[in-house]
>>> print(open('my_file_24.cif').read())   # mmCIF, C-alpha atoms
data_input
#
loop_
_atom_site.label_atom_id
_atom_site.label_comp_id
_atom_site.auth_asym_id
_atom_site.auth_seq_id
_atom_site.Cartn_x
_atom_site.Cartn_y
_atom_site.Cartn_z
CA MET A 1 0.00 0.00 0.00
CA ILE A 2 1.38 3.39 -1.02
CA SER A 3 1.18 5.89 1.83
CA GLU A 4 2.16 9.54 2.17
CA LYS A 5 5.35 8.39 3.91
CA THR A 6 6.14 6.11 0.96
CA ILE A 7 5.80 9.09 -1.40
CA THR A 8 7.96 11.31 0.80
CA ASP A 9 10.64 8.62 1.13
CA PHE A 10 10.59 8.13 -2.65
CA ILE A 11 11.24 11.84 -3.25
CA TYR A 12 14.09 11.96 -0.72
CA ARG A 13 15.62 8.82 -2.26
CA GLU A 14 15.39 10.32 -5.75
CA ALA A 15 17.29 13.44 -4.63
CA ASP A 16 19.94 11.26 -2.96
CA LEU A 17 20.44 9.25 -6.15
CA LEU A 18 21.04 12.50 -8.04
CA ASP A 19 23.41 13.86 -5.38
CA THR A 20 25.44 10.64 -5.41
CA MET A 21 25.44 10.46 -9.24
CA GLN A 22 23.70 7.09 -9.38
CA TRP A 23 22.34 7.91 -12.82
CA GLN A 24 21.02 4.51 -13.85
CA ALA A 25 19.26 3.92 -10.51
CA TRP A 26 17.71 7.40 -10.88
CA LEU A 27 16.60 6.71 -14.43
CA ASP A 28 15.04 3.43 -13.27
CA LEU A 29 12.63 5.48 -11.13
CA PHE A 30 10.91 6.74 -14.30
CA HIS A 31 7.88 5.19 -15.95
CA PRO A 32 8.58 4.16 -19.59
CA GLU A 33 6.51 7.18 -20.67
CA GLY A 34 8.13 9.42 -18.04
CA ARG A 35 9.14 13.00 -18.75
CA TYR A 36 11.48 15.52 -17.13
CA TRP A 37 10.23 19.08 -17.66
CA MET A 38 11.63 22.49 -16.78
CA PRO A 39 9.22 25.21 -17.99
CA LEU A 40 10.46 28.52 -19.35
CA GLU A 41 7.46 30.54 -18.18
CA TRP A 42 5.66 31.04 -14.88
CA GLN A 43 2.69 28.64 -14.57
CA GLN A 44 3.37 27.27 -18.06
CA GLN A 45 0.83 24.61 -19.02
CA ASP A 46 2.15 23.15 -22.28
CA PRO A 47 5.66 21.72 -22.67
CA VAL A 48 5.25 21.01 -26.38
CA LEU A 49 3.64 24.11 -27.91
CA GLN A 50 5.54 26.56 -25.68
CA PRO A 51 9.33 26.72 -25.36
CA SER A 52 10.80 25.06 -22.26
CA LEU A 53 14.23 25.08 -20.68
CA MET A 54 14.07 21.27 -20.87
CA TYR A 55 11.50 18.70 -21.86
CA GLU A 56 13.08 15.27 -22.01
CA ASP A 57 11.75 11.77 -22.47
CA LEU A 58 13.66 8.65 -21.39
CA MET A 59 15.75 8.60 -24.55
CA LEU A 60 16.97 12.17 -24.08
CA MET A 61 17.67 11.58 -20.38
CA LYS A 62 19.71 8.46 -21.30
CA VAL A 63 21.73 10.46 -23.84
CA ARG A 64 22.47 13.13 -21.23
CA ILE A 65 23.47 10.48 -18.68
CA GLU A 66 25.79 8.80 -21.20
CA ARG A 67 27.41 12.18 -21.85
CA LEU A 68 27.82 12.83 -18.13
CA ALA A 69 29.43 9.43 -17.61
CA GLY A 70 31.60 9.55 -20.74
CA GLU A 71 35.37 9.58 -20.34
CA ARG A 72 35.75 11.84 -23.39
CA THR A 73 33.26 14.46 -22.20
CA PHE A 74 35.73 17.28 -21.69
CA SER A 75 33.05 19.67 -20.42
CA GLN A 76 32.85 17.30 -17.44
CA LYS A 77 36.51 17.55 -16.41
CA PRO A 78 36.28 18.01 -13.50
CA LYS A 79 32.86 16.40 -13.12
CA SER A 80 29.86 18.43 -12.01
CA ARG A 81 28.42 17.67 -8.60
CA CYS A 82 25.13 18.65 -7.01
CA HIS A 83 23.28 18.87 -3.75
CA HIS A 84 19.53 19.07 -3.09
CA LEU A 85 18.21 20.69 0.07
CA LEU A 86 14.52 19.77 0.25
CA GLN A 87 11.64 20.91 2.38
CA ALA A 88 9.21 18.18 3.39
CA PRO A 89 7.21 17.23 0.28
CA GLN A 90 3.61 18.42 0.19
CA ILE A 91 1.29 15.59 -0.90
CA LEU A 92 -1.23 17.01 -3.37
CA ALA A 93 -2.98 13.78 -4.37
CA CYS A 94 -2.88 10.30 -2.91
CA ASP A 95 -5.26 7.85 -4.57
CA PRO A 96 -4.04 4.29 -3.88
CA ALA A 97 -7.11 2.79 -5.58
CA ALA A 98 -6.23 4.53 -8.88
CA GLY A 99 -2.47 4.27 -8.32
CA ILE A 100 -1.99 8.02 -8.88
CA PHE A 101 -0.01 10.30 -6.58
CA LYS A 102 1.20 13.91 -6.77
CA ALA A 103 3.63 15.84 -4.62
CA LYS A 104 5.31 19.24 -4.66
CA THR A 105 8.61 19.96 -2.93
CA SER A 106 10.33 23.30 -2.38
CA TYR A 107 14.08 23.06 -2.74
CA ILE A 108 17.43 24.77 -3.03
CA TYR A 109 19.70 23.13 -5.58
CA THR A 110 23.43 23.67 -5.83
CA GLU A 111 25.51 22.58 -8.81
CA THR A 112 29.27 22.92 -8.87
CA ARG A 113 32.13 22.14 -11.23
CA GLY A 114 35.64 23.22 -10.48
CA ASP A 115 35.47 26.65 -8.85
CA THR A 116 32.05 27.51 -10.32
CA LEU A 117 29.05 27.21 -8.01
CA GLU A 118 25.49 27.88 -9.13
CA ARG A 119 22.44 27.89 -6.87
CA PHE A 120 18.82 27.56 -7.92
CA SER A 121 15.59 27.67 -5.92
CA GLY A 122 12.22 26.40 -6.90
CA TRP A 123 9.68 23.63 -6.71
CA ALA A 124 9.83 20.04 -7.91
CA SER A 125 6.49 18.49 -8.76
CA HIS A 126 6.22 14.73 -9.06
CA ASP A 127 3.38 12.96 -10.84
CA LEU A 128 3.78 9.36 -9.73
CA VAL A 129 2.06 6.15 -10.75
CA GLN A 130 2.03 2.78 -9.08
CA VAL A 131 3.50 -0.07 -11.11
CA GLY A 132 3.18 -3.30 -9.17
CA ASP A 133 4.49 -2.50 -5.69
CA ASP A 134 6.69 0.36 -6.93
CA LEU A 135 6.23 4.04 -7.64
CA LYS A 136 7.37 5.39 -11.00
CA ILE A 137 7.76 9.01 -12.13
CA ARG A 138 5.36 9.88 -14.94
CA LEU A 139 6.36 13.56 -14.84
CA LYS A 140 8.97 15.47 -12.89
CA ARG A 141 8.43 19.20 -13.31
CA ILE A 142 11.02 21.71 -12.12
CA ASP A 143 9.77 25.28 -11.67
CA LEU A 144 12.62 27.68 -10.98
CA VAL A 145 12.02 30.90 -9.08
CA ASN A 146 14.33 32.70 -11.54
CA PHE A 147 13.20 30.82 -14.67
CA ASP A 148 13.59 33.97 -16.77
CA ALA A 149 17.13 34.84 -15.65
CA PRO A 150 20.10 34.16 -17.89
CA PHE A 151 22.24 31.34 -16.57
CA GLY A 152 24.88 28.96 -17.88
CA ASN A 153 24.40 25.38 -18.89
CA ILE A 154 22.62 23.23 -16.35
CA GLN A 155 24.66 20.05 -16.56
CA LEU A 156 22.86 17.73 -14.14
CA PHE A 157 19.26 17.01 -13.19
CA MET A 158 17.49 18.99 -10.47
#
>>> encode(input="my_file_24.cif", output="structure tokens")
Amino acid sequence: MISEKTITDFIYREADLLDTMQWQAWLDLFHPEGRYWMPLEWQQQDPVLQPSLMYEDLMLMKVRIERLAGERTFSQKPKSRCHHLLQAPQILACDPAAGIFKAKTSYIYTETRGDTLERFSGWASHDLVQVGDDLKIRLKRIDLVNFDAPFGNIQLFM
């Protein structure tokens, strides 16, 4: 049975997998139709017909992970590292009978490479579905507070 604690633990585990660069284990958390979305506009509703900072399916996430792990990826020498500082996730929907769950988490995200440190604040929304006994991410949406500010390349996943 999926409880609110199960959802919260899932979100904390996901952030830990990112912080410890366990890319394949992180990718395994996604549903086969899962998406990773970072809107470009405040309260943006459409990731396809409106421009987004990122809108990636599993294939694009795999390509990015392969690049991050590649020995010949010179933009990753030294490798980027990250840290998520999360508030307690807010459970927005918990319907065990339908196997549908939603949560929203405020966070501060730090990404560093060499002597460059970038910090972002925002909200991570998770649309989760139950597959067997497991939760899978159908959509992870990242809304940045400063979505309209110019910033460098975001190398990792928030």
>>> closest_atom_pairs(input="my_file_24.cif", of="range 114-156 of chain A", to="range 20-30 of chain A", cutoff="9 Å", atoms="all atoms listed in the file", output="Markdown table")
| residue | atom | partner | partner_atom | distance |
| --- | --- | --- | --- | --- |
| A:Leu128 | CA | A:Phe30 | CA | 8.9 |
| A:Asp134 | CA | A:Leu29 | CA | 8.9 |
| A:Leu135 | CA | A:Leu29 | CA | 7.4 |
| A:Lys136 | CA | A:Phe30 | CA | 5.0 |
| A:Ile137 | CA | A:Phe30 | CA | 4.4 |
| A:Arg138 | CA | A:Phe30 | CA | 6.4 |
| A:Leu139 | CA | A:Phe30 | CA | 8.2 |
>>> write_last_selection(input="my_file_24.cif", atoms="C-alpha atoms", output="mmCIF file, keeping the file's coordinate frame")
data_model
loop_
_atom_site.group_PDB
_atom_site.id
_atom_site.type_symbol
_atom_site.label_atom_id
_atom_site.label_comp_id
_atom_site.auth_asym_id
_atom_site.auth_seq_id
_atom_site.Cartn_x
_atom_site.Cartn_y
_atom_site.Cartn_z
ATOM 1 C CA LEU A 128 3.780 9.360 -9.730
ATOM 2 C CA ASP A 134 6.690 0.360 -6.930
ATOM 3 C CA LEU A 135 6.230 4.040 -7.640
ATOM 4 C CA LYS A 136 7.370 5.390 -11.000
ATOM 5 C CA ILE A 137 7.760 9.010 -12.130
ATOM 6 C CA ARG A 138 5.360 9.880 -14.940
ATOM 7 C CA LEU A 139 6.360 13.560 -14.840
#
>>> residues_around(input="my_file_24.cif", residues="Met158 in chain A", least_positions_apart="2", cutoff="8 Å", atoms="only C-alpha atoms", output="ChimeraX atom specification")
/A:18,84,109,142,156
>>> resolve_selection(input="my_file_24.cif", expression="the PyMOL selection byres ((chain A and resi 141) around 12)", output="ChimeraX atom specification")
/A:34-40,43-47,52-56,102-106,122-128,137-140,142-144,157-158
>>> resolve_selection(input="my_file_24.cif", expression="the PyMOL selection byres ((chain A and resi 132) around 12)", output="MDAnalysis selection string")
chainID A and resid 1:2 31 96 99 129:131 133:136
>>> atom_distance(input="my_file_24.cif", atom1="CA of Ser80 in chain A", atom2="CA of Asp16 in chain A")
15.2 Å
>>> build_atoms(input="my_file_24.cif", residues="range 41-63 of chain A", atoms="N, CA, C and O atoms", output="PDB file, keeping the file's coordinate frame")
ATOM      1  N   GLU A  41       8.344  29.464 -18.592  1.00  0.00           N
ATOM      2  CA  GLU A  41       7.460  30.540 -18.180  1.00  0.00           C
ATOM      3  C   GLU A  41       6.749  30.194 -16.874  1.00  0.00           C
ATOM      4  O   GLU A  41       6.526  29.022 -16.575  1.00  0.00           O
ATOM      5  N   TRP A  42       6.382  31.214 -16.128  1.00  0.00           N
ATOM      6  CA  TRP A  42       5.660  31.040 -14.880  1.00  0.00           C
ATOM      7  C   TRP A  42       4.307  30.402 -15.172  1.00  0.00           C
ATOM      8  O   TRP A  42       3.583  30.846 -16.065  1.00  0.00           O
ATOM      9  N   GLN A  43       3.962  29.355 -14.459  1.00  0.00           N
ATOM     10  CA  GLN A  43       2.690  28.640 -14.570  1.00  0.00           C
ATOM     11  C   GLN A  43       2.427  28.133 -15.992  1.00  0.00           C
ATOM     12  O   GLN A  43       1.284  28.044 -16.434  1.00  0.00           O
ATOM     13  N   GLN A  44       3.489  27.807 -16.705  1.00  0.00           N
ATOM     14  CA  GLN A  44       3.370  27.270 -18.060  1.00  0.00           C
ATOM     15  C   GLN A  44       2.578  25.960 -18.031  1.00  0.00           C
ATOM     16  O   GLN A  44       2.777  25.131 -17.148  1.00  0.00           O
ATOM     17  N   GLN A  45       1.697  25.791 -18.994  1.00  0.00           N
ATOM     18  CA  GLN A  45       0.830  24.610 -19.020  1.00  0.00           C
ATOM     19  C   GLN A  45       1.198  23.606 -20.103  1.00  0.00           C
ATOM     20  O   GLN A  45       0.828  22.446 -20.012  1.00  0.00           O
ATOM     21  N   ASP A  46       1.893  24.034 -21.145  1.00  0.00           N
ATOM     22  CA  ASP A  46       2.150  23.150 -22.280  1.00  0.00           C
ATOM     23  C   ASP A  46       3.653  23.058 -22.555  1.00  0.00           C
ATOM     24  O   ASP A  46       4.271  24.044 -22.914  1.00  0.00           O
ATOM     25  N   PRO A  47       4.233  21.860 -22.411  1.00  0.00           N
ATOM     26  CA  PRO A  47       5.660  21.720 -22.670  1.00  0.00           C
ATOM     27  C   PRO A  47       5.997  21.535 -24.149  1.00  0.00           C
ATOM     28  O   PRO A  47       7.162  21.620 -24.524  1.00  0.00           O
ATOM     29  N   VAL A  48       5.006  21.295 -24.972  1.00  0.00           N
ATOM     30  CA  VAL A  48       5.250  21.010 -26.380  1.00  0.00           C
ATOM     31  C   VAL A  48       5.049  22.246 -27.254  1.00  0.00           C
ATOM     32  O   VAL A  48       5.887  22.563 -28.099  1.00  0.00           O
ATOM     33  N   LEU A  49       3.946  22.963 -27.065  1.00  0.00           N
ATOM     34  CA  LEU A  49       3.640  24.110 -27.910  1.00  0.00           C
ATOM     35  C   LEU A  49       4.255  25.407 -27.415  1.00  0.00           C
ATOM     36  O   LEU A  49       4.193  26.420 -28.110  1.00  0.00           O
ATOM     37  N   GLN A  50       4.830  25.397 -26.208  1.00  0.00           N
ATOM     38  CA  GLN A  50       5.540  26.560 -25.680  1.00  0.00           C
ATOM     39  C   GLN A  50       6.983  26.143 -25.434  1.00  0.00           C
ATOM     40  O   GLN A  50       7.257  24.995 -25.077  1.00  0.00           O
ATOM     41  N   PRO A  51       7.926  27.072 -25.621  1.00  0.00           N
ATOM     42  CA  PRO A  51       9.330  26.720 -25.360  1.00  0.00           C
ATOM     43  C   PRO A  51       9.551  26.399 -23.881  1.00  0.00           C
ATOM     44  O   PRO A  51       8.925  26.977 -23.001  1.00  0.00           O
ATOM     45  N   SER A  52      10.430  25.460 -23.621  1.00  0.00           N
ATOM     46  CA  SER A  52      10.800  25.060 -22.260  1.00  0.00           C
ATOM     47  C   SER A  52      12.310  25.086 -22.132  1.00  0.00           C
ATOM     48  O   SER A  52      13.029  24.973 -23.129  1.00  0.00           O
ATOM     49  N   LEU A  53      12.791  25.223 -20.911  1.00  0.00           N
ATOM     50  CA  LEU A  53      14.230  25.080 -20.680  1.00  0.00           C
ATOM     51  C   LEU A  53      14.663  23.653 -20.981  1.00  0.00           C
ATOM     52  O   LEU A  53      15.718  23.420 -21.565  1.00  0.00           O
ATOM     53  N   MET A  54      13.839  22.682 -20.575  1.00  0.00           N
ATOM     54  CA  MET A  54      14.070  21.270 -20.870  1.00  0.00           C
ATOM     55  C   MET A  54      12.724  20.569 -20.934  1.00  0.00           C
ATOM     56  O   MET A  54      11.827  20.888 -20.167  1.00  0.00           O
ATOM     57  N   TYR A  55      12.635  19.621 -21.831  1.00  0.00           N
ATOM     58  CA  TYR A  55      11.500  18.700 -21.860  1.00  0.00           C
ATOM     59  C   TYR A  55      12.046  17.412 -22.462  1.00  0.00           C
ATOM     60  O   TYR A  55      12.213  17.299 -23.670  1.00  0.00           O
ATOM     61  N   GLU A  56      12.355  16.454 -21.593  1.00  0.00           N
ATOM     62  CA  GLU A  56      13.080  15.270 -22.010  1.00  0.00           C
ATOM     63  C   GLU A  56      12.290  14.007 -21.725  1.00  0.00           C
ATOM     64  O   GLU A  56      11.722  13.864 -20.645  1.00  0.00           O
ATOM     65  N   ASP A  57      12.299  13.106 -22.694  1.00  0.00           N
ATOM     66  CA  ASP A  57      11.750  11.770 -22.470  1.00  0.00           C
ATOM     67  C   ASP A  57      12.904  10.863 -22.033  1.00  0.00           C
ATOM     68  O   ASP A  57      14.034  11.319 -21.851  1.00  0.00           O
ATOM     69  N   LEU A  58      12.622   9.579 -21.862  1.00  0.00           N
ATOM     70  CA  LEU A  58      13.660   8.650 -21.390  1.00  0.00           C
ATOM     71  C   LEU A  58      14.863   8.615 -22.312  1.00  0.00           C
ATOM     72  O   LEU A  58      16.007   8.551 -21.851  1.00  0.00           O
ATOM     73  N   MET A  59      14.635   8.657 -23.623  1.00  0.00           N
ATOM     74  CA  MET A  59      15.750   8.600 -24.550  1.00  0.00           C
ATOM     75  C   MET A  59      16.693   9.792 -24.369  1.00  0.00           C
ATOM     76  O   MET A  59      17.909   9.629 -24.310  1.00  0.00           O
ATOM     77  N   LEU A  60      16.132  10.983 -24.267  1.00  0.00           N
ATOM     78  CA  LEU A  60      16.970  12.170 -24.080  1.00  0.00           C
ATOM     79  C   LEU A  60      17.689  12.155 -22.725  1.00  0.00           C
ATOM     80  O   LEU A  60      18.849  12.566 -22.632  1.00  0.00           O
ATOM     81  N   MET A  61      17.010  11.676 -21.687  1.00  0.00           N
ATOM     82  CA  MET A  61      17.670  11.580 -20.380  1.00  0.00           C
ATOM     83  C   MET A  61      18.823  10.578 -20.447  1.00  0.00           C
ATOM     84  O   MET A  61      19.894  10.826 -19.887  1.00  0.00           O
ATOM     85  N   LYS A  62      18.633   9.461 -21.145  1.00  0.00           N
ATOM     86  CA  LYS A  62      19.710   8.460 -21.300  1.00  0.00           C
ATOM     87  C   LYS A  62      20.892   9.055 -22.035  1.00  0.00           C
ATOM     88  O   LYS A  62      22.040   8.824 -21.656  1.00  0.00           O
ATOM     89  N   VAL A  63      20.641   9.825 -23.090  1.00  0.00           N
ATOM     90  CA  VAL A  63      21.730  10.460 -23.840  1.00  0.00           C
ATOM     91  C   VAL A  63      22.505  11.408 -22.937  1.00  0.00           C
ATOM     92  O   VAL A  63      23.739  11.428 -22.943  1.00  0.00           O
TER      93      VAL A  63
END
